[in-house]
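S.K.: This is the structure, below, for whatever I ask next.
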Amino acid sequence: MNRLGAAQRLTRGLSATRSQLHRLRAFSTSGSCLNDDKSTHFGFKTVDKDSKESLVGQVFSSVASKYDIMNDVMSFGIHRLWKDEFVNTLNPGRRAGSNEQLSFLDVAGGSGDIAFRILDNAKRRHGDVSSNMTVVDINPNMLAEGEKRAAAHPEYANDPRIKFLVQNAETLDQIPDESQDLYTVAFGIRNFTNIPKALETAHRVLKPGGVFACLEFSKVDNFILDQVYTQYSFNVIPMMGQIVAGDRDSYQYLVESIVRFPTQEKFAQMIQDAGFTLAGDGYKNLTFGVAAVHIGVKL
Amino acid sequence: MFRTVRSCAVALPTRASTLRAYHSINLINTKPTEDYNPKTKKLLDAAMDLVPSLGFTDQALTLASRRLGYTDTTPLVLPEGPLDLIVYHLRREREKLAVASETAPADPPAAPTTPDFRTKDQRLDDACHELIVQRLKGNIPVIEHLDNALALMVQPQNMAESLSELGALSDEIVHQAGHRSSDFDWYTRRASISAVYAASEVYMCQDKSKNFEDTWKFVKSSLEARRGLQEGVGNVGQWVSFQGIASVMVIRSLMTRL
């Protein structure tokens with residue numbers, strides 16, 4: 001009896017995924033007609049551009065307090081390795097022979113995960129304890145999480161080098177032109193309403209030679225793994241969102257937004273279109289492409 | 001990335017490609033540094049100016065960025081860092097060989113005072129020798145750091161890249177030496193040039209003689225040894241085929257008598 005129930009649930013789960021995939025395919029073929037001025041994607045839904053920001057805002061306000069534990073549960077803790085690898089690749093920090101402080105900008109960095117790692121790397125690998133970090137996030141709830149963590153951090157509590165600002169990544173109106181050495185955005189850019197505009201803004205705020213670096217979910221490059229991954233993300237993640245955070249819809253959105261995000265090659269092209277010079281191919285896959293690091297330099 | 005570099009070469013058939021019979025222009029790009037983004041190339045050139053003093057290092061890249069008015073994060077544009085710098089050095093020196101041959105004076109060489117008794121193969125070998133020496137001379141400015149570069153190049157994850165550069169170099173050398181045949185010799189000659197070049201480069205790292213005289217001698221003797229080997233193989237082949245034909249004749253004559 002139990003086994004039968006489980007089997008039914010599994011079939012239901014599979015058919016749900018199949019229908020989701022159908023919807024996805026429908027969207028991807030008619031993708032171009034969505035690129036009008038008024039509408040944008042919110043997961044698989046098409047919504048007004050004006051409302052996406054508030055919808056995403058609701059998602060992150062709702063998940064803010066459980067953000068960390070959910071990341072750990074959903075990725076089996078791998079997101080920490082990705083973030084480590086991301087910062088390790090960038091290897092930020094002032095190099096010997098210069099007295100100029102560097103300015104790091106972590107966008108959509110409310111949790112502070114990347115910001116602390118960058119400062120740690122600068123100190124540990126380059127002995128740089130003077131470079132500055134600006135953490136910006138559009139969502140005050142997420143930013144409050146980061147501030148709370150900074151206040152509790154043994155090293156960065158009351159550190160004047162870290163600044164927290166509520167900012168829209170598409171405008172960054174409090175960040176001056178050509179003021180930053182490194183712009184990072186980790187697992188944030190797919191939630192932006194207008195990604196090309198955010199890339200242009202990144203180009204604006206970076207100094208000549210400054211680096212745009214992005215860590216984001218991407219397309220798995222192995223067909224079989226991709227099947228497993230799709231099943232997992234459409235069936236398991238929303239369910240875990242329900243169980244752990246008591247919020248299925250927000251996690252359903254997160255999963256859908258991952259599928260909607262452009263492929264590695266396409267996103268690299270978008271970075272190039274914003275005026276950046278790509279580093280090599282412009283991207284590096286992590287865990288078979290579940291996530292990818294994109295790097296563009298303003299030369 | 002490098003695959004695209006090569007496919008570019010295929011997509012752009014130049015005037016040179018029509019002139020260069022049997023030169024594998026479809027596989028190897030003869031102007032490899034032109035495929036770099038101009039601004040990246042500028043950074044690499046600036047870094048190469050610093051290599052004689054700083055070596056193929058991150059420091060050279062950082063300092064080059066600062067000199068060009070960029071910042072400390074800029075070298076991220078080269079994902080492999082020092083290895084990218086080494087590969088750039090290899091490609092730039094290979095390109096110099098090609099450019100040197102293209103810009104060489106076109107007027108016919110003066111009539112030889114003594115008749116040239118060398119065989120075609122010998123002439124080819126001498127030309128290869130000259131080109132290998134010319135290419136090795138490109139290493140002199142960075143000779144102090146060449147051993148580090150070689151150590152990095154032979155690491156397993158970098159082997160494919162290094163071997164493909166070596167292959168491209170021997171292709172360039174053999175082609176410029178005037179080799180135009182497309183028979184099996186195409187492979188053996190490139191293989192032996194690759195082997196001689198790689199060995200000579202390692203020898204050069206250790207060479208303390210004045211003006212690298214010992215290295216040039218080493219190149220010559222290695223090429224001669226290869227040549228001896230090639231002749232040996234050729235002689236054995238000739239002997240085997242002669243004996244084979246002879247045996248057939250003997251059997252035939254026996255058959256007709258019956």
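Here's how to read the names in the structure tokens: chain A, B, ... by the order shown, residue numbers from 1 in each chain, ligand numbers from 1 in the order shown.
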Considering only C-alpha atoms, extract the chain B residues located within 9 Å of chain A and return them as JSON, numbers by chain.
M.R.: {"B": [1, 37, 39, 40, 59, 62, 63, 65, 69, 70, 71, 72, 73, 74, 75, 76, 77, 78, 79, 80]}
S.K.: Can you spit out the residues from that selection as a compact mmCIF listing (two decimals), in the first residue's frame, using all heavy atoms?
M.R.:
```txt
# COMPACT_ATOMS: atom_id res chain seq x y z
N MET B 1 39.29 27.80 -26.41
CA MET B 1 39.71 29.07 -26.98
C MET B 1 40.63 28.84 -28.16
O MET B 1 40.46 29.39 -29.23
CB MET B 1 40.41 29.89 -25.92
CG MET B 1 41.02 31.17 -26.44
SD MET B 1 41.82 32.02 -25.11
CE MET B 1 43.31 32.50 -25.90
N ASN B 37 42.65 39.56 -28.60
CA ASN B 37 41.99 40.85 -28.51
C ASN B 37 43.09 41.93 -28.44
O ASN B 37 44.05 41.77 -27.69
CB ASN B 37 41.13 40.85 -27.23
CG ASN B 37 40.48 42.16 -26.96
OD1 ASN B 37 41.13 43.20 -26.91
ND2 ASN B 37 39.19 42.13 -26.77
N LYS B 39 43.51 44.72 -27.03
CA LYS B 39 43.84 45.27 -25.71
C LYS B 39 44.50 44.22 -24.83
O LYS B 39 45.41 44.53 -24.06
CB LYS B 39 42.57 45.80 -25.05
CG LYS B 39 42.08 47.08 -25.69
CD LYS B 39 40.70 47.42 -25.20
CE LYS B 39 40.19 48.71 -25.80
NZ LYS B 39 38.75 48.86 -25.54
N THR B 40 44.05 42.98 -24.96
CA THR B 40 44.70 41.89 -24.23
C THR B 40 46.14 41.74 -24.71
O THR B 40 47.06 41.53 -23.93
CB THR B 40 43.95 40.57 -24.44
OG1 THR B 40 42.56 40.81 -24.30
CG2 THR B 40 44.39 39.51 -23.46
N GLN B 59 53.44 38.63 -11.04
CA GLN B 59 53.98 39.97 -10.79
C GLN B 59 54.16 40.74 -12.08
O GLN B 59 53.85 41.93 -12.17
CB GLN B 59 55.33 39.90 -10.06
CG GLN B 59 55.24 39.55 -8.60
CD GLN B 59 55.31 38.05 -8.39
OE1 GLN B 59 54.66 37.28 -9.08
NE2 GLN B 59 56.10 37.62 -7.42
N THR B 62 50.80 41.91 -13.16
CA THR B 62 50.28 42.98 -12.32
C THR B 62 50.96 44.30 -12.65
O THR B 62 50.31 45.34 -12.85
CB THR B 62 50.51 42.66 -10.83
OG1 THR B 62 49.92 41.40 -10.55
CG2 THR B 62 49.89 43.70 -9.94
N LEU B 63 52.28 44.25 -12.75
CA LEU B 63 53.03 45.48 -13.01
C LEU B 63 52.69 46.03 -14.40
O LEU B 63 52.55 47.25 -14.58
CB LEU B 63 54.53 45.20 -12.89
CG LEU B 63 55.38 46.42 -12.59
CD1 LEU B 63 54.92 47.12 -11.34
CD2 LEU B 63 56.86 46.01 -12.44
N SER B 65 49.84 45.71 -15.89
CA SER B 65 48.51 46.33 -15.78
C SER B 65 48.64 47.74 -15.22
O SER B 65 48.02 48.68 -15.72
CB SER B 65 47.62 45.53 -14.83
OG SER B 65 47.56 44.20 -15.22
N GLY B 69 47.84 51.72 -16.80
CA GLY B 69 46.77 52.50 -16.17
C GLY B 69 45.60 51.66 -15.72
O GLY B 69 44.54 52.19 -15.41
N TYR B 70 45.78 50.36 -15.69
CA TYR B 70 44.73 49.48 -15.19
C TYR B 70 44.97 49.21 -13.71
O TYR B 70 45.87 49.79 -13.10
CB TYR B 70 44.70 48.17 -15.98
CG TYR B 70 44.37 48.34 -17.44
CD1 TYR B 70 45.04 47.60 -18.41
CD2 TYR B 70 43.38 49.23 -17.86
CE1 TYR B 70 44.74 47.74 -19.76
CE2 TYR B 70 43.06 49.36 -19.20
CZ TYR B 70 43.75 48.62 -20.14
OH TYR B 70 43.46 48.75 -21.47
N THR B 71 44.20 48.26 -13.14
CA THR B 71 44.33 48.02 -11.70
C THR B 71 44.83 46.60 -11.42
O THR B 71 45.06 45.82 -12.34
CB THR B 71 43.00 48.24 -10.95
OG1 THR B 71 42.32 47.01 -10.89
CG2 THR B 71 42.14 49.26 -11.63
N ASP B 72 44.95 46.29 -10.13
CA ASP B 72 45.52 45.01 -9.73
C ASP B 72 44.65 43.81 -10.10
O ASP B 72 45.10 42.68 -10.12
CB ASP B 72 45.75 45.00 -8.21
CG ASP B 72 46.97 45.81 -7.83
OD1 ASP B 72 47.52 46.49 -8.72
OD2 ASP B 72 47.38 45.75 -6.65
N THR B 73 43.36 44.07 -10.38
CA THR B 73 42.48 42.94 -10.72
C THR B 73 42.54 42.60 -12.20
O THR B 73 42.09 41.53 -12.62
CB THR B 73 41.02 43.28 -10.36
OG1 THR B 73 40.68 44.55 -10.91
CG2 THR B 73 40.80 43.32 -8.87
N THR B 74 43.12 43.50 -13.02
CA THR B 74 43.08 43.34 -14.48
C THR B 74 43.64 42.02 -15.01
O THR B 74 43.08 41.46 -15.95
CB THR B 74 43.81 44.53 -15.14
OG1 THR B 74 43.33 45.72 -14.56
CG2 THR B 74 43.60 44.55 -16.63
N PRO B 75 44.74 41.47 -14.44
CA PRO B 75 45.28 40.23 -15.01
C PRO B 75 44.27 39.08 -15.06
O PRO B 75 44.53 38.07 -15.71
CB PRO B 75 46.45 39.89 -14.08
CG PRO B 75 46.88 41.20 -13.56
CD PRO B 75 45.62 42.01 -13.40
N LEU B 76 43.12 39.22 -14.41
CA LEU B 76 42.10 38.18 -14.51
C LEU B 76 41.64 37.95 -15.95
O LEU B 76 41.01 36.93 -16.24
CB LEU B 76 40.88 38.55 -13.65
CG LEU B 76 41.00 38.27 -12.15
CD1 LEU B 76 39.87 38.93 -11.41
CD2 LEU B 76 41.01 36.78 -11.90
N VAL B 77 41.94 38.90 -16.83
CA VAL B 77 41.56 38.72 -18.22
C VAL B 77 42.32 37.55 -18.84
O VAL B 77 41.92 37.01 -19.87
CB VAL B 77 41.78 40.04 -19.02
CG1 VAL B 77 43.24 40.25 -19.35
CG2 VAL B 77 40.92 40.07 -20.27
N LEU B 78 43.41 37.12 -18.20
CA LEU B 78 44.15 35.93 -18.64
C LEU B 78 43.91 34.83 -17.61
O LEU B 78 44.57 34.77 -16.58
CB LEU B 78 45.64 36.24 -18.74
CG LEU B 78 45.95 37.41 -19.68
CD1 LEU B 78 47.35 37.93 -19.45
CD2 LEU B 78 45.77 37.00 -21.12
N PRO B 79 42.95 33.95 -17.89
CA PRO B 79 42.52 33.00 -16.85
C PRO B 79 43.65 32.08 -16.37
O PRO B 79 43.64 31.65 -15.24
CB PRO B 79 41.41 32.19 -17.52
CG PRO B 79 41.26 32.70 -18.89
CD PRO B 79 42.19 33.81 -19.13
N GLU B 80 44.64 31.79 -17.24
CA GLU B 80 45.70 30.88 -16.83
C GLU B 80 46.93 31.63 -16.30
O GLU B 80 47.92 31.00 -15.97
CB GLU B 80 46.14 29.98 -18.00
CG GLU B 80 45.01 29.22 -18.67
CD GLU B 80 44.51 28.07 -17.81
OE1 GLU B 80 45.24 27.65 -16.89
OE2 GLU B 80 43.38 27.62 -18.03
```
S.K.: Counting only C-alpha atoms, what is within 9 Å of Gly167 (chain B), bar same-chain residues fewer than 4 positions away, as a list of chain:residue names?
M.R.: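 These residues fall inside the cut-off: B:Ile28, B:Ser162, B:Leu163, B:Asp171, B:Glu172, B:Arg190, B:Ala191, B:Ser194.
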S.K.: Neighbours of Arg161 (chain A) within 10 Å (only C-alpha atoms; same-chain residues fewer than 2 positions away dropped), as a ChimeraX atom specification?
M.R.: /A:103,119,129-134,156,158-159,163
S.K.: Give me, as a PyMOL selection string, all polymer residues having an atom no more than 12 Å from Ser75 (chain A), counting only C-alpha atoms and skipping those fewer than 6 positions away in the same chain.
M.R.: chain A and resi 68-69+81-82+217+229+232-233+236-237+240+287+290-291
S.K.: Out of region 155-192 of chain B, which residues get alpha helix (DSSP H) from DSSP, as JSON, numbers by chain?
M.R.: {"B": [156, 157, 158, 159, 160, 161, 162, 163, 164, 165, 166, 167, 168, 169, 170, 171, 172, 173, 174, 175, 176, 185, 186, 187, 188, 189, 190, 191, 192]}
S.K.: With N, CA, C and O atoms retained, write the just-selected residues as a CSV table (one decimal), in the first residue's frame.
M.R.:
```
chain,number,residue,atom,x,y,z
B,156,PRO,N,51.0,18.0,-16.4
B,156,PRO,CA,50.0,17.3,-17.1
B,156,PRO,C,48.9,18.1,-17.7
B,156,PRO,O,48.5,17.9,-18.9
B,157,GLN,N,48.4,19.0,-16.9
B,157,GLN,CA,47.2,19.8,-17.4
B,157,GLN,C,47.6,20.7,-18.5
B,157,GLN,O,46.7,21.2,-19.2
B,158,ASN,N,48.9,21.0,-18.7
B,158,ASN,CA,49.3,22.0,-19.7
B,158,ASN,C,49.9,21.3,-20.9
B,158,ASN,O,50.3,21.9,-21.9
B,159,MET,N,50.1,19.9,-20.8
B,159,MET,CA,50.8,19.2,-21.9
B,159,MET,C,50.2,19.4,-23.3
B,159,MET,O,50.9,19.6,-24.3
B,160,ALA,N,48.9,19.3,-23.3
B,160,ALA,CA,48.2,19.3,-24.6
B,160,ALA,C,48.5,20.6,-25.4
B,160,ALA,O,48.9,20.7,-26.5
B,161,GLU,N,48.4,21.7,-24.6
B,161,GLU,CA,48.7,23.0,-25.1
B,161,GLU,C,50.1,23.1,-25.6
B,161,GLU,O,50.4,23.6,-26.7
B,162,SER,N,51.0,22.7,-24.7
B,162,SER,CA,52.5,22.8,-25.1
B,162,SER,C,52.8,22.0,-26.3
B,162,SER,O,53.5,22.4,-27.2
B,163,LEU,N,52.3,20.7,-26.4
B,163,LEU,CA,52.6,19.9,-27.5
B,163,LEU,C,52.0,20.5,-28.8
B,163,LEU,O,52.6,20.4,-29.9
B,164,SER,N,50.8,21.1,-28.7
B,164,SER,CA,50.2,21.7,-29.9
B,164,SER,C,51.1,22.9,-30.4
B,164,SER,O,51.3,23.1,-31.6
B,165,GLU,N,51.6,23.6,-29.4
B,165,GLU,CA,52.5,24.7,-29.8
B,165,GLU,C,53.8,24.2,-30.4
B,165,GLU,O,54.3,24.8,-31.4
B,166,LEU,N,54.3,23.1,-29.9
B,166,LEU,CA,55.6,22.5,-30.4
B,166,LEU,C,55.3,22.0,-31.9
B,166,LEU,O,56.1,22.2,-32.8
B,167,GLY,N,54.2,21.4,-32.0
B,167,GLY,CA,53.8,20.9,-33.4
B,167,GLY,C,53.7,22.0,-34.4
B,167,GLY,O,54.2,21.9,-35.5
B,168,ALA,N,53.1,23.1,-33.9
B,168,ALA,CA,52.9,24.3,-34.8
B,168,ALA,C,54.3,24.9,-35.2
B,168,ALA,O,54.5,25.2,-36.3
B,169,LEU,N,55.2,24.9,-34.2
B,169,LEU,CA,56.5,25.4,-34.5
B,169,LEU,C,57.3,24.5,-35.5
B,169,LEU,O,57.9,25.1,-36.4
B,170,SER,N,57.3,23.2,-35.3
B,170,SER,CA,58.0,22.4,-36.2
B,170,SER,C,57.4,22.4,-37.6
B,170,SER,O,58.1,22.4,-38.6
B,171,ASP,N,56.1,22.6,-37.7
B,171,ASP,CA,55.4,22.7,-38.9
B,171,ASP,C,56.0,24.0,-39.7
B,171,ASP,O,56.3,24.0,-40.8
B,172,GLU,N,56.0,25.1,-38.9
B,172,GLU,CA,56.5,26.3,-39.4
B,172,GLU,C,58.0,26.2,-39.9
B,172,GLU,O,58.3,26.6,-41.0
B,173,ILE,N,58.8,25.5,-39.1
B,173,ILE,CA,60.2,25.4,-39.4
B,173,ILE,C,60.4,24.6,-40.7
B,173,ILE,O,61.1,25.0,-41.7
B,174,VAL,N,59.7,23.4,-40.7
B,174,VAL,CA,59.9,22.5,-41.9
B,174,VAL,C,59.3,23.2,-43.1
B,174,VAL,O,60.0,23.0,-44.2
B,175,HIS,N,58.2,23.8,-43.0
B,175,HIS,CA,57.7,24.5,-44.2
B,175,HIS,C,58.7,25.6,-44.7
B,175,HIS,O,58.9,25.6,-45.9
B,176,GLN,N,59.2,26.4,-43.8
B,176,GLN,CA,60.1,27.5,-44.2
B,176,GLN,C,61.4,27.0,-44.7
B,176,GLN,O,62.1,27.6,-45.5
B,185,ASP,N,57.3,11.2,-45.3
B,185,ASP,CA,58.4,12.0,-44.8
B,185,ASP,C,57.9,13.3,-44.1
B,185,ASP,O,58.5,13.8,-43.2
B,186,TRP,N,56.7,13.7,-44.5
B,186,TRP,CA,56.0,14.8,-43.8
B,186,TRP,C,56.0,14.6,-42.3
B,186,TRP,O,56.3,15.5,-41.5
B,187,TYR,N,55.6,13.4,-41.9
B,187,TYR,CA,55.4,13.1,-40.5
B,187,TYR,C,56.8,12.9,-39.8
B,187,TYR,O,57.0,13.5,-38.8
B,188,THR,N,57.7,12.1,-40.4
B,188,THR,CA,58.9,11.8,-39.8
B,188,THR,C,59.8,13.1,-39.6
B,188,THR,O,60.4,13.3,-38.5
B,189,ARG,N,59.7,13.9,-40.6
B,189,ARG,CA,60.6,15.1,-40.5
B,189,ARG,C,60.1,16.1,-39.4
B,189,ARG,O,60.8,16.6,-38.6
B,190,ARG,N,58.7,16.2,-39.3
B,190,ARG,CA,58.2,17.1,-38.3
B,190,ARG,C,58.4,16.5,-36.9
B,190,ARG,O,58.8,17.2,-35.9
B,191,ALA,N,58.3,15.2,-36.8
B,191,ALA,CA,58.6,14.5,-35.5
B,191,ALA,C,60.0,14.7,-35.1
B,191,ALA,O,60.3,15.1,-33.9
B,192,SER,N,61.0,14.6,-36.1
B,192,SER,CA,62.4,14.7,-35.6
B,192,SER,C,62.7,16.2,-35.3
B,192,SER,O,63.4,16.4,-34.4
```
S.K.: Could you state the separation of CA of Leu199 (chain A) and CA of Ile271 (chain A) in Å, given to one decimal place?
M.R.: 6.7 Å
S.K.: Tell me which protein, DNA and RNA residues are within 8 Å of region 56-66 of chain A, counting only C-alpha atoms, leaving out same-chain ones fewer than 3 positions away, and put them as a ChimeraX atom specification.
M.R.: /A:42,52-53,69-70,138-139,141-142,145,191,245,247,250
S.K.: May I ask for the distance between CA of Asn235 (chain A) and CA of Ser111 (chain A), given in Å to one decimal place?
M.R.: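 Taking CA of Asn235 (chain A) and CA of Ser111 (chain A), their separation equals 26.1 Å.
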S.K.: Name all residues at most 10 Å from Gln134 (chain B) (count only C-alpha atoms; drop same-chain ones fewer than 6 positions away) and give them as a list in words.
M.R.: Glu93, Lys96, Leu97, Cys128 and Trp216 of chain B
S.K.: Would you please work out which residue, of B:Asp58, B:Val196, B:Arg252, B:Leu68, is nearest to Leu43 (chain B) when using only C-alpha atoms?
M.R.: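 Comparing B:Asp58, B:Val196, B:Arg252, B:Leu68 against Leu43 (chain B), the winner is B:Leu68.
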S.K.: For a test of reading the model, state the distance in Å between CA of Gln167 (chain A) and CA of Val135 (chain A), rounded to one decimal.
M.R.: 9.2 Å
S.K.: Name all residues at most 8 Å from Leu223 (chain B) (count only C-alpha atoms; drop same-chain ones fewer than 6 positions away) and give them as number ranges by chain.
M.R.: B: 125, 129, 193, 196
S.K.: From the set A:Gly146, A:Gly110, A:Gly241, A:Pro160, which residue has the shortest atom-to-atom contact distance to Val185 (chain A), counting only C-alpha atoms?
M.R.: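 So, comparing all the options, the nearest one is A:Gly110.
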